[in-house]
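Have a look at the structure below, then the notes.
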Amino acid sequence: MNYSSFNLFFNKEIIKNKGLELAKVKTAFKDFLMTQEQVKRVYTEEEILASSNDFYLNAIANGYDVTQNGDLVVLDKPGYIEYQGTGTSHGTIYSYDTHVPCIFYGWNIKKGESHDRKVITEIAPTLSQLLKIPFTNGTEAKVMTEVLGK
């Protein structure tokens with residue numbers, strides 16, 4: 001039905017009307033996509049929603065919403081991009097798309113630096129703690145403790 005932002009969406013009504021099994025259609029598409037040079041992995045909705053020790057799968061699962069994401073999610077190999085022109089989409093889980101310097105500066109900010117891996121979702125809870133305001137809705141409440149001086 002649609003392919004957008006690494007998500008492949010199936011028209012389940014057409015699949016049903018043709019007497020096909022959705023699971024078999026997913027498997028066929030997944031098998032085909034895995035033969036493509038740029039594809040590293042393809043995950044089904046079921047795989048994404050199940051717990052796993054797979055780093056890539058967990059990164060995808062953290063942003064997956066069954067009402068908005070596709071039936072299959074495609075993870076391209078590092079260095080591949082789906083379009084040409086204006087640069088990256090910041091849509092992959094690779095460090096060149098996710099690494100963003102973050103600087104905290106000002107009153108009551110302890111001097112120092114950290115090279116520990118952080119994720120962007122730690123910024124809002126950290127700011128909430130600094131400003132002494134409630135966490136934002138849906139936060140995992142993980143904060144950058146070195147910014148708080150703790």
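Going through the structure tokens in order, the chains are called A, B, and so on, while each chain numbers its residues from 1 and the ligands are numbered from 1 in the order shown.
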Subject >> DSSP-assigned helix (DSSP H, G or I) among chain A, expressed as an NGL selection string >> reply: :A and (12-17 or 22-33 or 45-49 or 55-62 or 95-98 or 120-131 or 145-148)
Could you write out that same residue set with C-alpha atoms as an mmCIF file, in the first residue's frame?
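Contents of the output file selection-v6.cif:
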data_model
loop_
_atom_site.group_PDB
_atom_site.id
_atom_site.type_symbol
_atom_site.label_atom_id
_atom_site.label_comp_id
_atom_site.auth_asym_id
_atom_site.auth_seq_id
_atom_site.Cartn_x
_atom_site.Cartn_y
_atom_site.Cartn_z
ATOM 1 C CA LYS A 12 -4.695 -5.992 4.721
ATOM 2 C CA GLU A 13 -8.140 -5.869 3.137
ATOM 3 C CA ILE A 14 -6.761 -6.690 -0.328
ATOM 4 C CA ILE A 15 -4.574 -9.452 1.115
ATOM 5 C CA LYS A 16 -7.620 -10.946 2.832
ATOM 6 C CA ASN A 17 -9.843 -10.595 -0.268
ATOM 7 C CA LEU A 22 -0.791 -11.931 6.022
ATOM 8 C CA ALA A 23 2.018 -13.833 7.770
ATOM 9 C CA LYS A 24 3.052 -15.499 4.500
ATOM 10 C CA VAL A 25 2.931 -12.164 2.631
ATOM 11 C CA LYS A 26 5.146 -10.588 5.293
ATOM 12 C CA THR A 27 7.602 -13.484 5.058
ATOM 13 C CA ALA A 28 7.712 -13.263 1.248
ATOM 14 C CA PHE A 29 8.362 -9.513 1.319
ATOM 15 C CA LYS A 30 10.939 -9.902 4.081
ATOM 16 C CA ASP A 31 12.763 -12.631 2.147
ATOM 17 C CA PHE A 32 12.772 -10.478 -1.002
ATOM 18 C CA LEU A 33 13.948 -7.336 0.783
ATOM 19 C CA GLU A 45 5.614 -5.982 13.579
ATOM 20 C CA GLU A 46 5.569 -9.155 15.679
ATOM 21 C CA GLU A 47 9.367 -9.188 16.013
ATOM 22 C CA ILE A 48 9.402 -5.512 16.972
ATOM 23 C CA LEU A 49 6.782 -5.973 19.668
ATOM 24 C CA PHE A 55 20.490 -3.802 19.522
ATOM 25 C CA TYR A 56 18.960 -2.704 16.210
ATOM 26 C CA LEU A 57 15.587 -4.242 16.952
ATOM 27 C CA ASN A 58 15.434 -2.605 20.390
ATOM 28 C CA ALA A 59 16.258 0.797 18.893
ATOM 29 C CA ILE A 60 13.425 0.386 16.387
ATOM 30 C CA ALA A 61 11.053 -0.918 19.074
ATOM 31 C CA ASN A 62 11.650 2.172 21.225
ATOM 32 C CA SER A 95 25.937 7.006 15.030
ATOM 33 C CA TYR A 96 26.312 9.330 12.034
ATOM 34 C CA ASP A 97 22.543 9.928 12.223
ATOM 35 C CA THR A 98 22.146 9.933 15.981
ATOM 36 C CA ILE A 120 18.184 12.363 22.908
ATOM 37 C CA THR A 121 15.253 11.361 25.129
ATOM 38 C CA GLU A 122 17.413 12.102 28.186
ATOM 39 C CA ILE A 123 17.515 15.838 27.410
ATOM 40 C CA ALA A 124 13.942 16.778 28.411
ATOM 41 C CA PRO A 125 14.018 14.907 31.756
ATOM 42 C CA THR A 126 17.398 16.470 32.544
ATOM 43 C CA LEU A 127 16.044 19.947 31.801
ATOM 44 C CA SER A 128 12.978 19.161 33.916
ATOM 45 C CA GLN A 129 15.214 18.288 36.869
ATOM 46 C CA LEU A 130 17.335 21.408 36.402
ATOM 47 C CA LEU A 131 14.237 23.622 36.234
ATOM 48 C CA THR A 145 23.223 12.778 36.164
ATOM 49 C CA GLU A 146 26.589 14.383 35.425
ATOM 50 C CA VAL A 147 24.751 17.589 34.422
ATOM 51 C CA LEU A 148 22.918 17.566 37.739
#
Just the residues within 12 Å of A:His115, please, counting only C-alpha atoms, with nothing from its chain fewer than 3 positions along; format it as a PDB file with N, CA, C and O atoms, in the first residue's frame.
ATOM      1  N   HIS A  99      24.359  10.809  16.520  1.00  0.00           N
ATOM      2  CA  HIS A  99      25.321  11.506  17.383  1.00  0.00           C
ATOM      3  C   HIS A  99      25.147  13.016  17.234  1.00  0.00           C
ATOM      4  O   HIS A  99      25.340  13.578  16.158  1.00  0.00           O
ATOM      5  N   VAL A 100      24.755  13.644  18.317  1.00  0.00           N
ATOM      6  CA  VAL A 100      24.565  15.087  18.330  1.00  0.00           C
ATOM      7  C   VAL A 100      25.232  15.628  19.587  1.00  0.00           C
ATOM      8  O   VAL A 100      24.920  15.192  20.696  1.00  0.00           O
ATOM      9  N   PRO A 101      26.161  16.567  19.439  1.00  0.00           N
ATOM     10  CA  PRO A 101      26.757  17.160  20.640  1.00  0.00           C
ATOM     11  C   PRO A 101      25.691  17.869  21.472  1.00  0.00           C
ATOM     12  O   PRO A 101      24.769  18.471  20.932  1.00  0.00           O
ATOM     13  N   CYS A 102      25.816  17.771  22.757  1.00  0.00           N
ATOM     14  CA  CYS A 102      24.865  18.415  23.662  1.00  0.00           C
ATOM     15  C   CYS A 102      25.671  19.184  24.703  1.00  0.00           C
ATOM     16  O   CYS A 102      26.540  18.609  25.367  1.00  0.00           O
ATOM     17  N   GLY A 112      32.608  20.246  33.361  1.00  0.00           N
ATOM     18  CA  GLY A 112      33.037  18.884  33.090  1.00  0.00           C
ATOM     19  C   GLY A 112      32.587  18.428  31.716  1.00  0.00           C
ATOM     20  O   GLY A 112      32.051  19.200  30.931  1.00  0.00           O
ATOM     21  N   LYS A 118      24.723   8.700  25.379  1.00  0.00           N
ATOM     22  CA  LYS A 118      23.445   9.252  25.827  1.00  0.00           C
ATOM     23  C   LYS A 118      22.465   9.190  24.672  1.00  0.00           C
ATOM     24  O   LYS A 118      22.853   9.078  23.517  1.00  0.00           O
ATOM     25  N   MET A 144      20.593  12.893  32.662  1.00  0.00           N
ATOM     26  CA  MET A 144      22.048  12.954  32.570  1.00  0.00           C
ATOM     27  C   MET A 144      22.562  13.421  33.932  1.00  0.00           C
ATOM     28  O   MET A 144      22.650  14.622  34.202  1.00  0.00           O
ATOM     29  N   GLU A 146      25.391  13.560  35.337  1.00  0.00           N
ATOM     30  CA  GLU A 146      26.589  14.383  35.425  1.00  0.00           C
ATOM     31  C   GLU A 146      26.251  15.869  35.248  1.00  0.00           C
ATOM     32  O   GLU A 146      26.941  16.727  35.798  1.00  0.00           O
TER      33      GLU A 146
END
Original post:
In Å to one decimal, how far is atom CA of A:Val119 from atom CA of A:Lys142?
Top reply: 9.4 Å
Taking the backbone alone, and naming residues the way the document does, which bits of chain A are strand (DSSP E) by DSSP, as an mmCIF file with C-alpha atoms, in the first residue's frame?
data_model
loop_
_atom_site.group_PDB
_atom_site.id
_atom_site.type_symbol
_atom_site.label_atom_id
_atom_site.label_comp_id
_atom_site.auth_asym_id
_atom_site.auth_seq_id
_atom_site.Cartn_x
_atom_site.Cartn_y
_atom_site.Cartn_z
ATOM 1 C CA ASN A 2 2.777 2.422 0.976
ATOM 2 C CA TYR A 3 6.471 2.650 1.783
ATOM 3 C CA SER A 4 7.558 5.590 3.922
ATOM 4 C CA ASN A 7 8.114 1.351 6.941
ATOM 5 C CA LEU A 8 6.252 -0.926 4.541
ATOM 6 C CA PHE A 9 2.476 -0.814 4.923
ATOM 7 C CA VAL A 39 19.247 -3.927 3.299
ATOM 8 C CA LYS A 40 20.817 -5.013 6.569
ATOM 9 C CA ARG A 41 17.693 -6.343 8.303
ATOM 10 C CA VAL A 42 13.922 -6.410 7.980
ATOM 11 C CA TYR A 43 11.686 -6.726 11.016
ATOM 12 C CA THR A 44 8.026 -7.681 11.220
ATOM 13 C CA LEU A 72 7.581 -4.337 8.093
ATOM 14 C CA VAL A 73 10.431 -2.014 9.050
ATOM 15 C CA VAL A 74 13.526 -2.005 6.870
ATOM 16 C CA LEU A 75 16.974 -1.262 8.287
ATOM 17 C CA ASP A 76 19.430 -0.327 5.567
#
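Ranking A:Gly149, A:Gly79, A:Pro134, A:Gly91 by their shortest atom-to-atom distance to A:Glu113, with only C-alpha atoms included, puts A:Gly149 first.
Restricting the calculation to only C-alpha atoms, the smallest distance between A:Tyr94 and any of A:Tyr80, A:Gln38, A:Glu140, A:Trp107 is found for A:Tyr80.
One finds atom CA of A:Lys110 at 14.9 Å from atom CA of A:Val143.
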